[in-house]
Amino acid sequence: MAVPDQSPKQLVVLGAGVIGLTIAYLATVDPNDQFSVTIVARDMPEDMDSQAWASPFAGANWAPMPMGGIDPCVRRREQVTFDKFWDMIPTGLVKKLPSKVYSKRAGSPSELWWRDLVREFRILPREEIPEPYVAGVAFCTVSVNPQEYVPWLSSELRARNVEFVRKHVRTLEELRPLVGANGILVNASSLGSRSIIGVEDTKLFPIRGQSIIVHSPQLQEFLATKPGILSRITGNGRYTVLLGGTFEVGNWDTSLDMNIYEIVIRRRYWHITLACALHAKVDHGWRTEIVQLPLRGENGVLVPWNTTCLEEGEMRVVHAYGFGGAGYQTSWGVAEDVMALIKEMQACMQ
């Protein structure tokens, strides 16, 4: 009788954003399998000031997005991630964030697919709703500070002997020596999947976001309107607040647009943030962040992946990219799905 192979399985993760790091984390704590994990990326967790990737500059608070009410898989990923972050609040890495969403259209709370996902949900009475809005809800969500969370994931992985390899990958074949004959590659390269040979997903496109970050100790909640976020706190313990934000589909420009800068500053939503925003203290001047986020297709559907028992010699790849602005808030659910697919692949290999 053959003895089962107990040696660690080679797992290579392409991409060191929040999705790639979370997948690697689950692989290293899997109680049933041993993985030798390598993360290959152009941008590393120590590059937190670089605008070449999106994870350092995400708002990273859980906020309602339409796809959760349409796609059951997305809904489950959102729930898994929200619950995980909620349980992490005592660690200090995640902040409990009181939130309010205002709308100019009255509707039924049953339309809000996420009302049972968040905590402490309630419908706002009319006296708590500012003009010109006619409806609103309050709830508690979660907020993550990328400048602390990404380095934490990195330190956890390094403590588990995960190897980080800085490399600008242009073709998946470059990774074959690392993956080996029986390893698995997870492609979490985000927008890079548009140009990497072997993927070349031309349905991916960037979304340019320009926002203003200010220091405001008074503001300790997430405020939003339908549609469009007005302001949100990033939850880093110093009460950094992200104001406004553009959503420019297909725009590759990472330079500062002063016209947008002025519009965001002067936009007449200050009454929403009450005296907090009006008296926001500037921390080392107004700071503007530019980010690009990948999105899959015109309808914003998350990237589907397929796994099959491949022919001998073919590299086994799981694709996990194209999550748009929902990277953080689906990260743990996506990582669980990826690990399930990896197990399916391993079954095919036996």
# chains A, B, ... in the order shown; residues from 1 in each chain; ligands from 1

call {"tool": "residues_around", "arguments": {"residues": "range 84-88 of chain A", "least_positions_apart": "2", "cutoff": "12 Å", "atoms": "only C-alpha atoms", "output": "ChimeraX atom specification"}}
result
/A:22,60-62,77-82,90-97,117-119,140-145,149,328-333,335-336

call {"tool": "residues_around", "arguments": {"residues": "range 194-202 of chain A", "least_positions_apart": "4", "cutoff": "6 Å", "atoms": "only C-alpha atoms", "output": "VMD selection string"}}
result
chain A and resid 170 to 172

call {"tool": "write_last_selection", "arguments": {"atoms": "all heavy atoms", "output": "mmCIF file, in the first residue's frame"}}
result
data_model
loop_
_atom_site.group_PDB
_atom_site.id
_atom_site.type_symbol
_atom_site.label_atom_id
_atom_site.label_comp_id
_atom_site.auth_asym_id
_atom_site.auth_seq_id
_atom_site.Cartn_x
_atom_site.Cartn_y
_atom_site.Cartn_z
ATOM 1 N N ARG A 170 5.930 38.945 -16.391
ATOM 2 C CA ARG A 170 5.327 39.305 -17.678
ATOM 3 C C ARG A 170 4.600 38.142 -18.328
ATOM 4 O O ARG A 170 3.792 38.337 -19.228
ATOM 5 C CB ARG A 170 6.403 39.851 -18.626
ATOM 6 C CG ARG A 170 6.982 41.183 -18.157
ATOM 7 C CD ARG A 170 8.130 41.647 -19.030
ATOM 8 N NE ARG A 170 8.558 42.998 -18.669
ATOM 9 C CZ ARG A 170 9.368 43.277 -17.661
ATOM 10 N NH1 ARG A 170 9.843 42.303 -16.900
ATOM 11 N NH2 ARG A 170 9.708 44.529 -17.398
ATOM 12 N N THR A 171 4.900 36.910 -17.893
ATOM 13 C CA THR A 171 4.245 35.725 -18.422
ATOM 14 C C THR A 171 4.143 34.675 -17.328
ATOM 15 O O THR A 171 5.070 34.539 -16.512
ATOM 16 C CB THR A 171 4.998 35.156 -19.636
ATOM 17 O OG1 THR A 171 4.436 33.878 -19.982
ATOM 18 C CG2 THR A 171 6.473 35.001 -19.351
ATOM 19 N N LEU A 172 3.058 33.937 -17.296
ATOM 20 C CA LEU A 172 2.897 32.912 -16.269
ATOM 21 C C LEU A 172 3.981 31.847 -16.352
ATOM 22 O O LEU A 172 4.354 31.251 -15.340
ATOM 23 C CB LEU A 172 1.517 32.258 -16.398
ATOM 24 C CG LEU A 172 0.296 33.120 -16.061
ATOM 25 C CD1 LEU A 172 -0.971 32.276 -16.097
ATOM 26 C CD2 LEU A 172 0.436 33.806 -14.699
#

call {"tool": "closest_residue", "arguments": {"among": "A:Leu26, A:Val186, A:Val179, A:Val338", "to": "Lys9 in chain A", "atoms": "only C-alpha atoms"}}
result
A:Val179

call {"tool": "select_by_dssp", "arguments": {"residues": "range 43-270 of chain A", "states": "alpha helix (DSSP H)", "output": "VMD selection string"}}
result
chain A and resid 72 to 87 146 to 159 176 to 179 258 to 266

call {"tool": "closest_residue", "arguments": {"among": "A:Leu124, A:Met44, A:Ile184, A:Met67", "to": "Pro8 in chain A", "atoms": "only C-alpha atoms"}}
result
A:Ile184

call {"tool": "atom_distance", "arguments": {"atom1": "CA of Ser103 in chain A", "atom2": "CA of Arg115 in chain A"}}
result
15.3 Å

call {"tool": "atom_distance", "arguments": {"atom1": "CA of Ser99 in chain A", "atom2": "CA of Ala224 in chain A"}}
result
8.1 Å

call {"tool": "residues_around", "arguments": {"residues": "Ser155 in chain A", "least_positions_apart": "6", "cutoff": "12 Å", "atoms": "only C-alpha atoms", "output": "short mmCIF file (atom, residue, chain, number, x, y, z; two decimals) with C-alpha atoms, in the first residue's frame"}}
result
data_model
loop_
_atom_site.label_atom_id
_atom_site.label_comp_id
_atom_site.auth_asym_id
_atom_site.auth_seq_id
_atom_site.Cartn_x
_atom_site.Cartn_y
_atom_site.Cartn_z
CA LEU A 21 -1.86 37.86 1.20
CA TYR A 25 -2.46 33.24 5.16
CA PRO A 45 3.90 45.03 1.62
CA GLU A 46 6.78 47.35 2.46
CA GLU A 148 -1.40 48.59 9.64
CA TYR A 149 -3.31 45.60 8.27
CA ASN A 161 8.32 30.95 6.64
CA VAL A 162 6.51 32.26 3.57
CA GLU A 163 9.05 33.40 0.99
CA PHE A 164 8.56 36.78 -0.71
#

call {"tool": "residues_around", "arguments": {"residues": "Val101 in chain A", "least_positions_apart": "2", "cutoff": "9 Å", "atoms": "only C-alpha atoms", "output": "list in words"}}
result
Ser99, Ser103, Ala135, Gly136, Val137, Ala138, Phe139, Phe222, Leu223, Ala224, Thr225, Lys226 and Ile229 of chain A

call {"tool": "write_last_selection", "arguments": {"atoms": "all heavy atoms", "output": "mmCIF file, in the first residue's frame"}}
result
data_model
loop_
_atom_site.group_PDB
_atom_site.id
_atom_site.type_symbol
_atom_site.label_atom_id
_atom_site.label_comp_id
_atom_site.auth_asym_id
_atom_site.auth_seq_id
_atom_site.Cartn_x
_atom_site.Cartn_y
_atom_site.Cartn_z
ATOM 1 N N SER A 99 -22.242 53.809 11.356
ATOM 2 C CA SER A 99 -22.436 54.249 9.977
ATOM 3 C C SER A 99 -23.866 54.741 9.757
ATOM 4 O O SER A 99 -24.808 54.276 10.404
ATOM 5 C CB SER A 99 -22.142 53.108 9.006
ATOM 6 O OG SER A 99 -20.877 52.534 9.259
ATOM 7 N N SER A 103 -30.641 58.692 1.815
ATOM 8 C CA SER A 103 -31.143 58.550 0.455
ATOM 9 C C SER A 103 -32.187 59.620 0.159
ATOM 10 O O SER A 103 -32.921 60.059 1.054
ATOM 11 C CB SER A 103 -31.765 57.164 0.260
ATOM 12 O OG SER A 103 -32.360 57.048 -1.011
ATOM 13 N N ALA A 135 -34.816 59.631 3.565
ATOM 14 C CA ALA A 135 -34.741 58.323 4.226
ATOM 15 C C ALA A 135 -33.311 58.069 4.668
ATOM 16 O O ALA A 135 -32.364 58.677 4.149
ATOM 17 C CB ALA A 135 -35.229 57.216 3.294
ATOM 18 N N GLY A 136 -33.163 57.186 5.610
ATOM 19 C CA GLY A 136 -31.818 56.850 6.075
ATOM 20 C C GLY A 136 -31.825 55.652 7.007
ATOM 21 O O GLY A 136 -32.846 55.323 7.614
ATOM 22 N N VAL A 137 -30.674 54.995 7.093
ATOM 23 C CA VAL A 137 -30.511 53.871 8.009
ATOM 24 C C VAL A 137 -29.194 54.041 8.752
ATOM 25 O O VAL A 137 -28.274 54.719 8.283
ATOM 26 C CB VAL A 137 -30.516 52.514 7.262
ATOM 27 C CG1 VAL A 137 -31.869 52.265 6.612
ATOM 28 C CG2 VAL A 137 -29.396 52.443 6.226
ATOM 29 N N ALA A 138 -29.123 53.441 9.908
ATOM 30 C CA ALA A 138 -27.891 53.433 10.698
ATOM 31 C C ALA A 138 -27.533 51.983 11.010
ATOM 32 O O ALA A 138 -28.411 51.122 11.126
ATOM 33 C CB ALA A 138 -28.075 54.232 11.982
ATOM 34 N N PHE A 139 -26.246 51.737 11.144
ATOM 35 C CA PHE A 139 -25.775 50.388 11.436
ATOM 36 C C PHE A 139 -24.318 50.480 11.853
ATOM 37 O O PHE A 139 -23.679 51.542 11.746
ATOM 38 C CB PHE A 139 -25.924 49.464 10.216
ATOM 39 C CG PHE A 139 -25.256 49.985 8.963
ATOM 40 C CD1 PHE A 139 -23.963 49.614 8.637
ATOM 41 C CD2 PHE A 139 -25.931 50.862 8.130
ATOM 42 C CE1 PHE A 139 -23.348 50.098 7.487
ATOM 43 C CE2 PHE A 139 -25.322 51.357 6.974
ATOM 44 C CZ PHE A 139 -24.041 50.977 6.654
ATOM 45 N N PHE A 222 -18.895 56.450 9.648
ATOM 46 C CA PHE A 222 -18.947 56.393 8.187
ATOM 47 C C PHE A 222 -20.255 57.031 7.739
ATOM 48 O O PHE A 222 -21.329 56.699 8.248
ATOM 49 C CB PHE A 222 -18.877 54.930 7.750
ATOM 50 C CG PHE A 222 -19.215 54.691 6.309
ATOM 51 C CD1 PHE A 222 -18.250 54.820 5.328
ATOM 52 C CD2 PHE A 222 -20.495 54.325 5.932
ATOM 53 C CE1 PHE A 222 -18.554 54.590 4.001
ATOM 54 C CE2 PHE A 222 -20.808 54.081 4.610
ATOM 55 C CZ PHE A 222 -19.832 54.218 3.638
ATOM 56 N N LEU A 223 -20.171 57.966 6.801
ATOM 57 C CA LEU A 223 -21.352 58.653 6.289
ATOM 58 C C LEU A 223 -21.397 58.503 4.788
ATOM 59 O O LEU A 223 -20.389 58.670 4.101
ATOM 60 C CB LEU A 223 -21.317 60.142 6.652
ATOM 61 C CG LEU A 223 -21.255 60.463 8.151
ATOM 62 C CD1 LEU A 223 -20.958 61.928 8.363
ATOM 63 C CD2 LEU A 223 -22.540 60.057 8.833
ATOM 64 N N ALA A 224 -22.562 58.188 4.261
ATOM 65 C CA ALA A 224 -22.678 57.976 2.826
ATOM 66 C C ALA A 224 -24.054 58.372 2.344
ATOM 67 O O ALA A 224 -25.009 58.492 3.127
ATOM 68 C CB ALA A 224 -22.419 56.512 2.481
ATOM 69 N N THR A 225 -24.152 58.614 1.044
ATOM 70 C CA THR A 225 -25.432 58.838 0.404
ATOM 71 C C THR A 225 -25.608 57.812 -0.703
ATOM 72 O O THR A 225 -24.656 57.150 -1.121
ATOM 73 C CB THR A 225 -25.536 60.243 -0.216
ATOM 74 O OG1 THR A 225 -24.531 60.379 -1.217
ATOM 75 C CG2 THR A 225 -25.359 61.308 0.840
ATOM 76 N N LYS A 226 -26.810 57.668 -1.167
ATOM 77 C CA LYS A 226 -27.104 56.789 -2.303
ATOM 78 C C LYS A 226 -27.446 57.678 -3.488
ATOM 79 O O LYS A 226 -28.453 58.378 -3.474
ATOM 80 C CB LYS A 226 -28.278 55.868 -1.985
ATOM 81 C CG LYS A 226 -27.991 54.849 -0.903
ATOM 82 C CD LYS A 226 -29.194 53.963 -0.673
ATOM 83 C CE LYS A 226 -29.503 53.090 -1.869
ATOM 84 N NZ LYS A 226 -30.660 52.208 -1.632
ATOM 85 N N ILE A 229 -20.252 57.845 -1.957
ATOM 86 C CA ILE A 229 -19.765 58.013 -0.599
ATOM 87 C C ILE A 229 -19.391 59.462 -0.365
ATOM 88 O O ILE A 229 -18.751 60.098 -1.186
ATOM 89 C CB ILE A 229 -18.545 57.111 -0.365
ATOM 90 C CG1 ILE A 229 -18.994 55.642 -0.390
ATOM 91 C CG2 ILE A 229 -17.848 57.424 0.935
ATOM 92 C CD1 ILE A 229 -17.847 54.665 -0.390
#

call {"tool": "atom_distance", "arguments": {"atom1": "CA of Gln147 in chain A", "atom2": "CA of Pro56 in chain A"}}
result
6.2 Å

call {"tool": "closest_residue", "arguments": {"among": "A:Thr246, A:Ser189, A:Asn251, A:Gln34", "to": "Trp53 in chain A", "atoms": "only C-alpha atoms"}}
result
A:Ser189

call {"tool": "select_by_dssp", "arguments": {"residues": "range 56-233 of chain A", "states": "strand (DSSP E)", "output": "JSON, numbers by chain"}}
result
{"A": [94, 95, 96, 97, 98, 99, 100, 101, 102, 103, 119, 120, 121, 122, 123, 135, 136, 137, 138, 139, 140, 141, 142, 143, 144, 163, 164, 165, 166, 184, 185, 186, 187, 204, 205, 206, 207, 208, 209, 210, 211, 212, 213, 214, 215, 222, 223, 224, 225, 226, 229, 230, 231, 232, 233]}

call {"tool": "closest_residue", "arguments": {"among": "A:Ala106, A:Ile19, A:Val165, A:Leu11", "to": "Met345 in chain A", "atoms": "only C-alpha atoms"}}
result
A:Leu11

call {"tool": "closest_residue", "arguments": {"among": "A:Met65, A:Ala58, A:Leu256, A:Val318", "to": "Met339 in chain A", "atoms": "only C-alpha atoms"}}
result
A:Val318
